[in-house]
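Some notes on the structure that comes next.
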There are 4 protein chains.
Amino acid sequence: MTERLWSGTAKLDPRVEKLTVGDDPRLDVALVPFDALGSVAHAVMLSEIGLLTEAECRQLCTGLWRIAQEASAGDFAIDPSQEDCHTAIEQRLTAEFGDAGRRIHTGRSRNDQVLAAIRLWAREQLVALGEQVLELVEALRLRADEFKEVSLPGYTHTRQAMPATLGFYLAAHAEGLLDDLRWLETAFAHVNRSPLGSAAGFGVALPLDRARVAHLLAFDGVQNNTLAVQNDRGKSEALVLAVVAATATDLGRLASDLIWFSSDELGYVQLSPQVTTGSSIMPQKRNPDVLEIVRASATRLRSLQHEVANIYGALPSGYHRDLQLTKRPLLEGMRSLSDLLGAMTAVIESCAADPERARTAIKPETAATDALCADIRDGTPFRTAYRRIAEAPGQAYRGEVSESWRERMHAGSPAQLNLDEIVERAKKEADALRERKARLTAVWRWFEEMAT
Amino acid sequence: MTERLWSGTAKLDPRVEKLTVGDDPRLDVALVPFDALGSVAHAVMLSEIGLLTEAECRQLCTGLWRIAQEASAGDFAIDPSQEDCHTAIEQRLTAEFGDAGRRIHTGRSRNDQVLAAIRLWAREQLVALGEQVLELVEALRLRADEFKEVSLPGYTHTRQAMPATLGFYLAAHAEGLLDDLRWLETAFAHVNRSPLGSAAGFGVALPLDRARVAHLLAFDGVQNNTLAVQNDRGKSEALVLAVVAATATDLGRLASDLIWFSSDELGYVQLSPQVTTGSSIMPQKRNPDVLEIVRASATRLRSLQHEVANIYGALPSGYHRDLQLTKRPLLEGMRSLSDLLGAMTAVIESCAADPERARTAIKPETAATDALCADIRDGTPFRTAYRRIAEAPGQAYRGEVSESWRERMHAGSPAQLNLDEIVERAKKEADALRERKARLTAVWRWFEEMAT
Amino acid sequence: MTERLWSGTAKLDPRVEKLTVGDDPRLDVALVPFDALGSVAHAVMLSEIGLLTEAECRQLCTGLWRIAQEASAGDFAIDPSQEDCHTAIEQRLTAEFGDAGRRIHTGRSRNDQVLAAIRLWAREQLVALGEQVLELVEALRLRADEFKEVSLPGYTHTRQAMPATLGFYLAAHAEGLLDDLRWLETAFAHVNRSPLGSAAGFGVALPLDRARVAHLLAFDGVQNNTLAVQNDRGKSEALVLAVVAATATDLGRLASDLIWFSSDELGYVQLSPQVTTGSSIMPQKRNPDVLEIVRASATRLRSLQHEVANIYGALPSGYHRDLQLTKRPLLEGMRSLSDLLGAMTAVIESCAADPERARTAIKPETAATDALCADIRDGTPFRTAYRRIAEAPGQAYRGEVSESWRERMHAGSPAQLNLDEIVERAKKEADALRERKARLTAVWRWFEEMAT
Amino acid sequence: MTERLWSGTAKLDPRVEKLTVGDDPRLDVALVPFDALGSVAHAVMLSEIGLLTEAECRQLCTGLWRIAQEASAGDFAIDPSQEDCHTAIEQRLTAEFGDAGRRIHTGRSRNDQVLAAIRLWAREQLVALGEQVLELVEALRLRADEFKEVSLPGYTHTRQAMPATLGFYLAAHAEGLLDDLRWLETAFAHVNRSPLGSAAGFGVALPLDRARVAHLLAFDGVQNNTLAVQNDRGKSEALVLAVVAATATDLGRLASDLIWFSSDELGYVQLSPQVTTGSSIMPQKRNPDVLEIVRASATRLRSLQHEVANIYGALPSGYHRDLQLTKRPLLEGMRSLSDLLGAMTAVIESCAADPERARTAIKPETAATDALCADIRDGTPFRTAYRRIAEAPGQAYRGEVSESWRERMHAGSPAQLNLDEIVERAKKEADALRERKARLTAVWRWFEEMAT
């Protein structure tokens with residue numbers, strides 16, 4: 001079981017082998033079902049163009065399905081001596097079926113094979129992340145609605161600025177996340193193109209039907225130039241991670257808001273004991289560890305993005321082994337965002353508000369700008385009113401300060417949240433995701449059918 | 001002329017003032033026409049809702065147009081004591097028109113004002129960058145067509161891999177750049193939303209018609225939640241720069257290919273003397289400095305993106321002065337990409353090929369994989385053929401090695417470049433850009449009309 | 001005046017020239033005196049080995065001193081057509097002295113010339129930064145002493161943890177900055193080696209006395225291998241910036257503490273009106289803009305460091321034009337740290353404490369750990385005491401909660417600040433800096449003497 | 001075995017727990033012996049000040065030594081429910097010894113406990129890395145000596161510049177690595193200070209003898225201010241990683257040189273088959289994968305450094321859970337550098353030169369600068385000679401071009417490598433490392449003695 005896919009008689013220096021094998025045996029486990037899926041489509045096409053017999057094709061379909069099932073159940077291990085999942089799968093198929101296994105690599109290189117596996121994996125993750133984002137958007141919208149009349153000080157520069165509401169803050173985060181979905185879609189479109197047939201980057205002297213494979217795998221089409229396909233390695237990972245990191249950063253900023261709003265000194269929000277942790281030395285402590293980890297994880301995801309960008313950005317065209325190091329950041333990065341979304345949804349669903357503390361924290365001078373607007377409505381030029389009120393901003397507002405936000409009624413203001421717009425945008429996104437997911441599910445069903 | 005927009009009697013410590021004023025007076029010069037444009041739309045809306053008289057509105061339109069004209073001609077300076085363009089413009093209008101000037105800030109903060117100016121500026125840059133990308137794509141396609149039969153060794157791992165052509169390489173870069181355009185569009189859609197009316201992030205107690213302003217400025221719509229608008233500061237800059245950096249990185253990799261292909265040892269490509277520079281000590285030298293600067297500038301742009309992401313990512317909701325530091329990276333980053341695109345177009349348009357050197361550099365064993373495919377076509381299983389040929393790869397191919405790429409005829413291979421697909425994709429993008437540009441031009445025409 | 005130092009007849013494409021000239025004419029102005037200094041030492045050595053006549057040497061010394069003086073007075077401009085300061089200086093000397101000017105580049109390349117200028121500049125900056133750090137350390141120590149009995153809540157996780165003092169916080173920052181000085185020294189030792197004689201990286205066929213030049217310039221010695229010298233380009237900039245960024249980050253964290261401690265809700269510290277700024281729309285606002293800029297600037301400096309590291313890290317040995325892009329980050333980065341140190345010193349010197357607010361903010365349960373220690377002193381095992389007190393942490397402490405920190409008396413605790421240790425460490429650093437500065441000053445005096 | 005160290009009755013939401021436990025159970029295994037070591041010193045001091053009985057102290061010493069032994073043998077597992085090694089160790093000691101175990105946390109927080117474990121671990125790694133650097137320096141020096149007359153073209157801008165030798169290149173890398181050792185020493189001095197006694201950052205109300213613990217653990221002293229200790233978390237990791245990354249980057253550049261020098265087109269160096277790998281599709285391929293992984297790993301290490309810097313840089317003073325995310329980068333980063341050093345040593349030790357290919361590759365015009373120096377020696381002014389030779393640089397040199405480097409005889413030139421200086425510098429470093437290692441070994445011996 002330990003023969004590598006490449007020729008060569010010398011034994012690798014162990015100091016070198018440690019580095020070249022690296023993490024792949026561990027990381028690749030997640031890719032096995034996707035590599036199997038890509039291989040099935042490739043095999044079906046090979047049989048259609050006469051490079052596999054029908055019997056061989058059937059063998060491979062059955063064998064690959066079995067491998068995919070085992071891998072999903074955690075029963076398919078990759079030995080370090082096999083280097084990666086591609087070798088492990090080919091060796092297993094060869095052991096089981098002989099020549100059929102020896103033909104599975106026909107017209108392929110590990111270069112396009114891993115690209116296919118990663119793209120098939122990534123597009124499903126992108127759909128799943130989209131769904132999780134929508135879950136959190138919905139959680140935020142519900143709490144925004146619930147807390148839309150909970151007055152609190154609105155802040156700029158970590159200083160009280162103007163009265164606002166807790167619902168207004170939460171709705172802002174919901175909208176920010178909806179923006180991220182547009183980028184997730186662009187990322188999906190970028191990766192959902194078939195790399196198969198590019199081989200080592202220069203194509204092969206075989207009449208591959210690349211469009212057919214793309215169709216079978218529900219790709220939006222073929223990525224044409226076979227070198228462009230290889231040049232997309234690293235680039236697509238970096239672009240996907242840019243979107244992943246931007247989304248995580250939105251979570252990190254939500255976490256920062258909550259850390260501060262739930263602090264001893266502000267206390268506008270109360271975190272559930274189910275999401276806070278304690279100290280080993282200070283008996284009284286309840287800490288927002290989860291929010292701090294979300295915040296720091298966002299920094300980490302930005303770093304993974306930058307790392308991948310700098311790895312591929314230093315290279316000329318074509319495959320270089322440097323690109324191997326883009327796999328782990330992608331896999332860990334996308335999984336991390338999924339964890340962060342889950343945790344933030346738990347935090348939002350379980351948090352409570354303290355309307356009394358929030359309301360009484362508002363300082364009178366924060367209504368100065370609303371007072372200023374009254375002067376403007378009465379005809380005073382803005383700058384004139386500003387200078388007058390600046391002299392005694394705390395006395396300027398004549399109404400109930402903590403309710404002054406109710407006077408701001410144009411679109412998007414605290415008194416006019418337009419939560420329906422969030423519902424509408426979310427619905428549109430959910431529809432698109434559902435349609436996409438259906439297409440991806442159909443591919444797996446087809447795989448299963450081919451195997452039986 | 002030196003009164004600031006904010007109240008306060010204390011004189012700033014000069015060590016502090018140096019830092020808080022920073023680069024703005026210099027940087028903002030480019031934003032003046034866009035700030036004026038945003039202000040005109042705002043003024044027109046204010047007059048429509050009765051907060052400006054028609055006469056005041058007319059004064060402001062005229063004054064702002066004049067300012068925009070002066071700024072475009074390089075005749076509008078911002079004094080450090082004025083801090084930024086917003087102050088400089090308001091002071092000028094107040095000096096000229098009195099109360100009309102004092103009313104221009106009605107319902108606005110510098111926070112949403114600068115956001116508007118930056119978005120108006122950035123969307124035009126995005127269109128211009130799109131056009132420049134298409135120019136370079138066209139230059140690459142033309143040379144790809146010209147050099148599509150120039151055989152050279154194709155590389156992986158900086159090692160000869162399989163015979164390919166120079167045209168194939170150039171076409172790969174053209175396709176990569178076309179992919180970038182999709183991201184530039186997403187960036188355009190992200191920024192082309194009106195922030196006006198968000199004020200300091202909490203709206204104002206005035207009946208602003210935000211949709212009207214958005215319409216006048218040809219934004220795709222209003223960005224709703226006024227805090228979400230402020231939270232987009234930094235985030236949109238980072239996302240735009242992610243796309244800018246990805247595009248620059250594609251240029252950097254093209255530069256790397258050319259540096260190597262034009263080296264003394266390879267010499268497949270000859271750079272024009274118009275694009276190479278010399279040494280102060282070595283009389284014989286001609287160096288590809290421009291390509292090295294492109295490569296390093298791509299690294300810089302990735303860094304600017306990451307910098308902005310880390311600046312805004314460390315903050316809670318709402319405006320913080322940290323965000324001021326996202327302006328310069330955006331402005332310098334977008335301008336830098338424009339310079340890089342211009343330089344690379346110059347390089348591509350002027351380079352030459354040396355078909356003889358390129359052809360003779362190809363080593364016989366690089367055709368081993370094509371020989372292997374012949375075996376496969378004859379029925380040998382892939383892995384069996386691989387192991388057989390591995391024993392003497394240099395003798396495996398029976399034809400003219402440097403032409404072996406002609407046998408690879410599936411889509412996207414060296415023998416099947418599909419340059420028409422590039423033409424088609426480019427045309428679609430050009431149409432979209434033209435439409436967009438027309439809308440933006442119309443806004444400036446409207447501004448001019450309002451002023452006269 | 002527009003002849004470049006390198007040969008070549010073709011006119012550069014303007015799109016390329018824009019990129020290759022870049023910022024140098026503007027940036028290099030600061031380097032002129034240092035380039036002149038390096039050139040003088042080189043000239044003296046050349047005359048000693050017989051490659052310059054004594055008369056020529058005297059001409060060059062006089063001419064270079066004049067140039068250095070003009071540059072320091074802001075009267076030496078570099079034309080874009082001259083590309084950089086080295087060309088500008090050589091052309092000026094040639095215009096003035098003929099062959100003496102034509103000989104100044106003897107045995108040099110711009111590669112080692114700019115390295116020398118940058119190192120001479122950077123070592124003076126490092127000394128100046130060290131002095132500024134010590135100024136801030138002293139300011140912090142003085143305030144720490146003044147506020148060493150101002151009780152406030154100590155925080156972990158942005159939550160009240162244990163009672164502490166404002167002086168304790170400020171002293172912690174002073175100690176952190178003293179740690180940075182050790183790194184600044186290592187940076188100084190790294191750059192204070194003579195690169196001269198490395199030429200383009202391969203030495204020259206002339207009997208240069210490299211040690212003599214190193215001695216004249218008060219370098220600690222010669223950096224030996226001439227290729228190692230070139231390979232240090234980028235590397236030394238990145239290492240210096242790593243230290244610069246770490247120091248800036250310490251300032252950024254001090255800024256974060258002050259932003260929070262001076263917030264509306266905490267108010268333990270009051271920032272002077274001389275360091276806070278206002279809002280264009282909210283008349284009541286006083287914002288800690290300067291602290292936010294310090295915080296974001298630290299992020300920027302970390303980014304500049306990483307940028308430089310990624311630029312040089314992508315390259316093989318020897319000079320590449322990519323390295324040109326490491327100059328601006330170094331210059332801007334070191335200057336920025338100087339500005340940040342100045343501003344933070346201003347903030348610290350002018351801030352005030354509000355002991356009453358700080359004391360009353362302390363929550364009773366923060367003394368739980370001090371209560372726990374009493375139990376331990378009485379013989380209860382730690383974990384047993386912890387679990388008992390956890391049941392009612394707010395009632396556990398029997399004394400005055402806000403004074404509980406006085407019971408923590410081991411070294412480094414709030415009740416035992418050891419400010420003398422800060423004084424002592426600072427003194428040692430100041431002595432080392434003074435000695436270093438004297439050596440550097442002596443070099444300039446020698447330059448002046450040589451010129452007269 | 002599953003009780004956490006902190007109080008609290010609520011069950012954590014599983015989505016939150018996944019995040020807060022994170023990688024610690026896996027990562028901490030390496031820290032167990034170091035945590036045990038720190039605990040022993042702490043226990044001995046506690047007994048000396050009367051907070052532990054002698055019997056309890058003996059129990060703890062024995063128990064901790066057993067734990068350290070088990071952990072070193074891979075037999076000490078940390079259950080996810082235990083969160084980290086500190087909890088696992090305390091629970092084990094309590095199960096075994098009752099109250100003695102309940103007292104081990106006396107006067108400590110996990111905050112200072114983990115700091116101690118990490119510093120004790122890191123300082124040993126720093127010494128080991130220093131030794132590995134010296135091994136590679138020695139390998140480079142030996143090959144430099146062996147190849148010091150192997151002529152090859154010296155390069156700037158990836159273009160032939162001046163004749164040089166392979167030995168000259170290798171010696172340059174040896175010198176660069178020696179420079180890194182200075183920084184590794186500064187890193188050692190930075191981390192080799194005792195954090196114990198800082199507890200949660202505010203000290204404890206117990207008469208801890210911090211100096212005694214520092215002495216027992218062979219720290220250079222106590223880090224004084226207890227908040228400064230906590231503020232060093234993240235900062236010290238970032239500074240250590242800055243040095244680690246700089247060293248890795250030197251390896252990456254050596255790798256880049258070798259990739260290029262061993263390419264099909266240059267072939268000056270031959271990589272051993274024991275360090276190269278093959279392709280899954282191209283039978284003829286031998287790729288320098290290991291060098292590409294070194295290059296990309298250096299990029300990754302720079303990224304880890306920047307990640308850690310951005311995580312801690314965004315925080316105010318005191319512990320925040322964000323800092324948890326600095327542990328993995330430090331551990332993985334230092335281990336990675338160790339792997340890279342091992343692999344590069346293997347590559348250098350096994351590589352061969354092809355003197356004939358290297359010599360014949362040199363182009364005649366590369367000797368133009370040496371020809372120019374001859375003119376200078378004859379009295380022609382540099383710039384005059386430069387312009388004359390520029391007209392026909394290929395004909396300028398009158399001797400054997402590939403030997404022209406022999407004329408460059410000043411210090412550090414190809415003809416004057418000064419390899420003895422490398423020997424001398426290496427010896428000094430080796431002595432320092434040996435002394436340091438002896439001190440650290442003595443501490444472990446003391447631990448063993450205390451346990452028996």
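Chain labels follow the order of the structure tokens: the first chain is A, the next B, and so on; residue numbering restarts at 1 in every chain, and ligands are counted from 1 in their shown order.
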
* With a cut-off of 6 Å and counting only C-alpha atoms, select all residues of chain B in contact with chain C and give the selection as a VMD selection string. => chain B and resid 5 to 6 10 to 13 15 to 16 20 109 273 to 275 278 to 281 289 to 290 292 to 293 296 303 307 311 321 to 322 342 to 343

* **Nearby residues (only C-alpha atoms) at most 9 Å from C:Ala164, same-chain spacing under 2 positions excluded, as a PyMOL selection string** => (chain C and resi 149-155+162+166-169+402-406+413-415) or (chain D and resi 202)

* To do: Name all residues at most 12 Å from C:Trp444 (count only C-alpha atoms; drop same-chain ones fewer than 2 positions away) and give them as a count of residues only.
  => 27

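Rounded to one decimal, atom CA of D:Leu115 and atom CA of D:Met45 lie 18.0 Å from each other.
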
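Going from atom CA of C:Ala426 to atom CA of D:Val222 covers 17.0 Å.
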
* **DSSP helix (DSSP H, G or I) selection over stretch 341-394 of chain D, as a ChimeraX atom specification** => /D:341-350,355-360,364-377,382-389,393-394

* Please run DSSP on the backbone and report, as a VMD selection string, all residues within stretch 101-214 of chain A that come out as strand (DSSP E or B). => chain A and resid 151 to 156 159 to 165 194

* **Selection near A:Arg92, 12 Å with only C-alpha atoms, sequence-local residues under 2 positions removed, as a PyMOL selection string** => chain A and resi 1-3+36+60+63-64+66-67+76-79+82+85-90+94-102+104

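With distances restricted to only C-alpha atoms, B:Glu83 is the closest residue to B:Arg26 from B:Glu391, B:Glu83, B:Asp375, B:Glu407.
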
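Residues lying within 10 Å of B:His173, counting only C-alpha atoms and ignoring same-chain neighbours fewer than 6 positions away, are Asn225, Leu227, Ala228, Asn231 and Ser317 of chain A; Leu136, Val137, Leu140, Arg141, Ala144, Asp179, Asp250, Leu251, Arg253 and Leu254 of chain B.
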
Let me see the file: selected residues, N, CA, C and O atoms, as a short mmCIF file (atom, residue, chain, number, x, y, z; two decimals), in the first residue's frame.
```cif
data_model
loop_
_atom_site.label_atom_id
_atom_site.label_comp_id
_atom_site.auth_asym_id
_atom_site.auth_seq_id
_atom_site.Cartn_x
_atom_site.Cartn_y
_atom_site.Cartn_z
N ASN A 225 -8.72 27.93 -20.29
CA ASN A 225 -7.26 27.75 -20.44
C ASN A 225 -6.70 26.89 -19.30
O ASN A 225 -6.87 27.23 -18.12
N LEU A 227 -3.77 26.40 -18.19
CA LEU A 227 -2.80 27.05 -17.31
C LEU A 227 -3.50 28.05 -16.39
O LEU A 227 -3.15 28.20 -15.22
N ALA A 228 -4.52 28.71 -16.93
CA ALA A 228 -5.32 29.62 -16.10
C ALA A 228 -5.93 28.86 -14.94
O ALA A 228 -6.05 29.38 -13.83
N ASN A 231 -3.26 28.53 -12.44
CA ASN A 231 -2.98 29.84 -11.87
C ASN A 231 -4.06 30.29 -10.90
O ASN A 231 -3.87 31.23 -10.13
N SER A 317 3.67 31.64 -13.11
CA SER A 317 2.59 30.74 -13.54
C SER A 317 2.90 29.28 -13.26
O SER A 317 4.06 28.89 -13.13
N LEU B 136 -5.62 45.73 -21.16
CA LEU B 136 -4.52 44.78 -21.02
C LEU B 136 -4.94 43.39 -21.50
O LEU B 136 -4.16 42.68 -22.14
N VAL B 137 -6.18 43.02 -21.23
CA VAL B 137 -6.69 41.74 -21.74
C VAL B 137 -6.58 41.72 -23.26
O VAL B 137 -6.13 40.72 -23.85
N LEU B 140 -3.00 41.34 -24.32
CA LEU B 140 -2.57 39.95 -24.10
C LEU B 140 -3.15 39.03 -25.17
O LEU B 140 -2.48 38.14 -25.69
N ARG B 141 -4.41 39.24 -25.48
CA ARG B 141 -5.07 38.37 -26.47
C ARG B 141 -4.41 38.53 -27.83
O ARG B 141 -4.15 37.53 -28.53
N ALA B 144 -1.18 36.82 -27.66
CA ALA B 144 -1.42 35.37 -27.56
C ALA B 144 -1.70 34.81 -28.95
O ALA B 144 -1.21 33.73 -29.33
N ASP B 179 -11.46 37.09 -14.99
CA ASP B 179 -12.08 36.67 -13.72
C ASP B 179 -12.11 37.81 -12.72
O ASP B 179 -13.07 37.95 -11.95
N ASP B 250 -2.30 39.28 -10.00
CA ASP B 250 -2.25 38.66 -11.33
C ASP B 250 -1.20 39.35 -12.20
O ASP B 250 -0.48 38.69 -12.96
N LEU B 251 -1.11 40.66 -12.07
CA LEU B 251 -0.07 41.38 -12.82
C LEU B 251 1.32 40.99 -12.32
O LEU B 251 2.26 40.84 -13.11
N ARG B 253 2.24 38.19 -11.12
CA ARG B 253 2.62 36.86 -11.60
C ARG B 253 2.97 36.88 -13.08
O ARG B 253 3.87 36.18 -13.55
N LEU B 254 2.25 37.71 -13.83
CA LEU B 254 2.63 37.91 -15.24
C LEU B 254 4.05 38.51 -15.29
O LEU B 254 4.89 38.09 -16.11
#
```

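Considering the residues C:Pro80, C:Gly234, C:Pro163, C:Gly176 and counting only C-alpha atoms, C:Ala371 has its shortest atom-to-atom contact with C:Pro163.
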
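Using only C-alpha atoms, the shortest contact distance between B:Asp220 and any of B:Ala172, B:Ala189, B:Leu419, B:Ala30 is found at B:Ala189.
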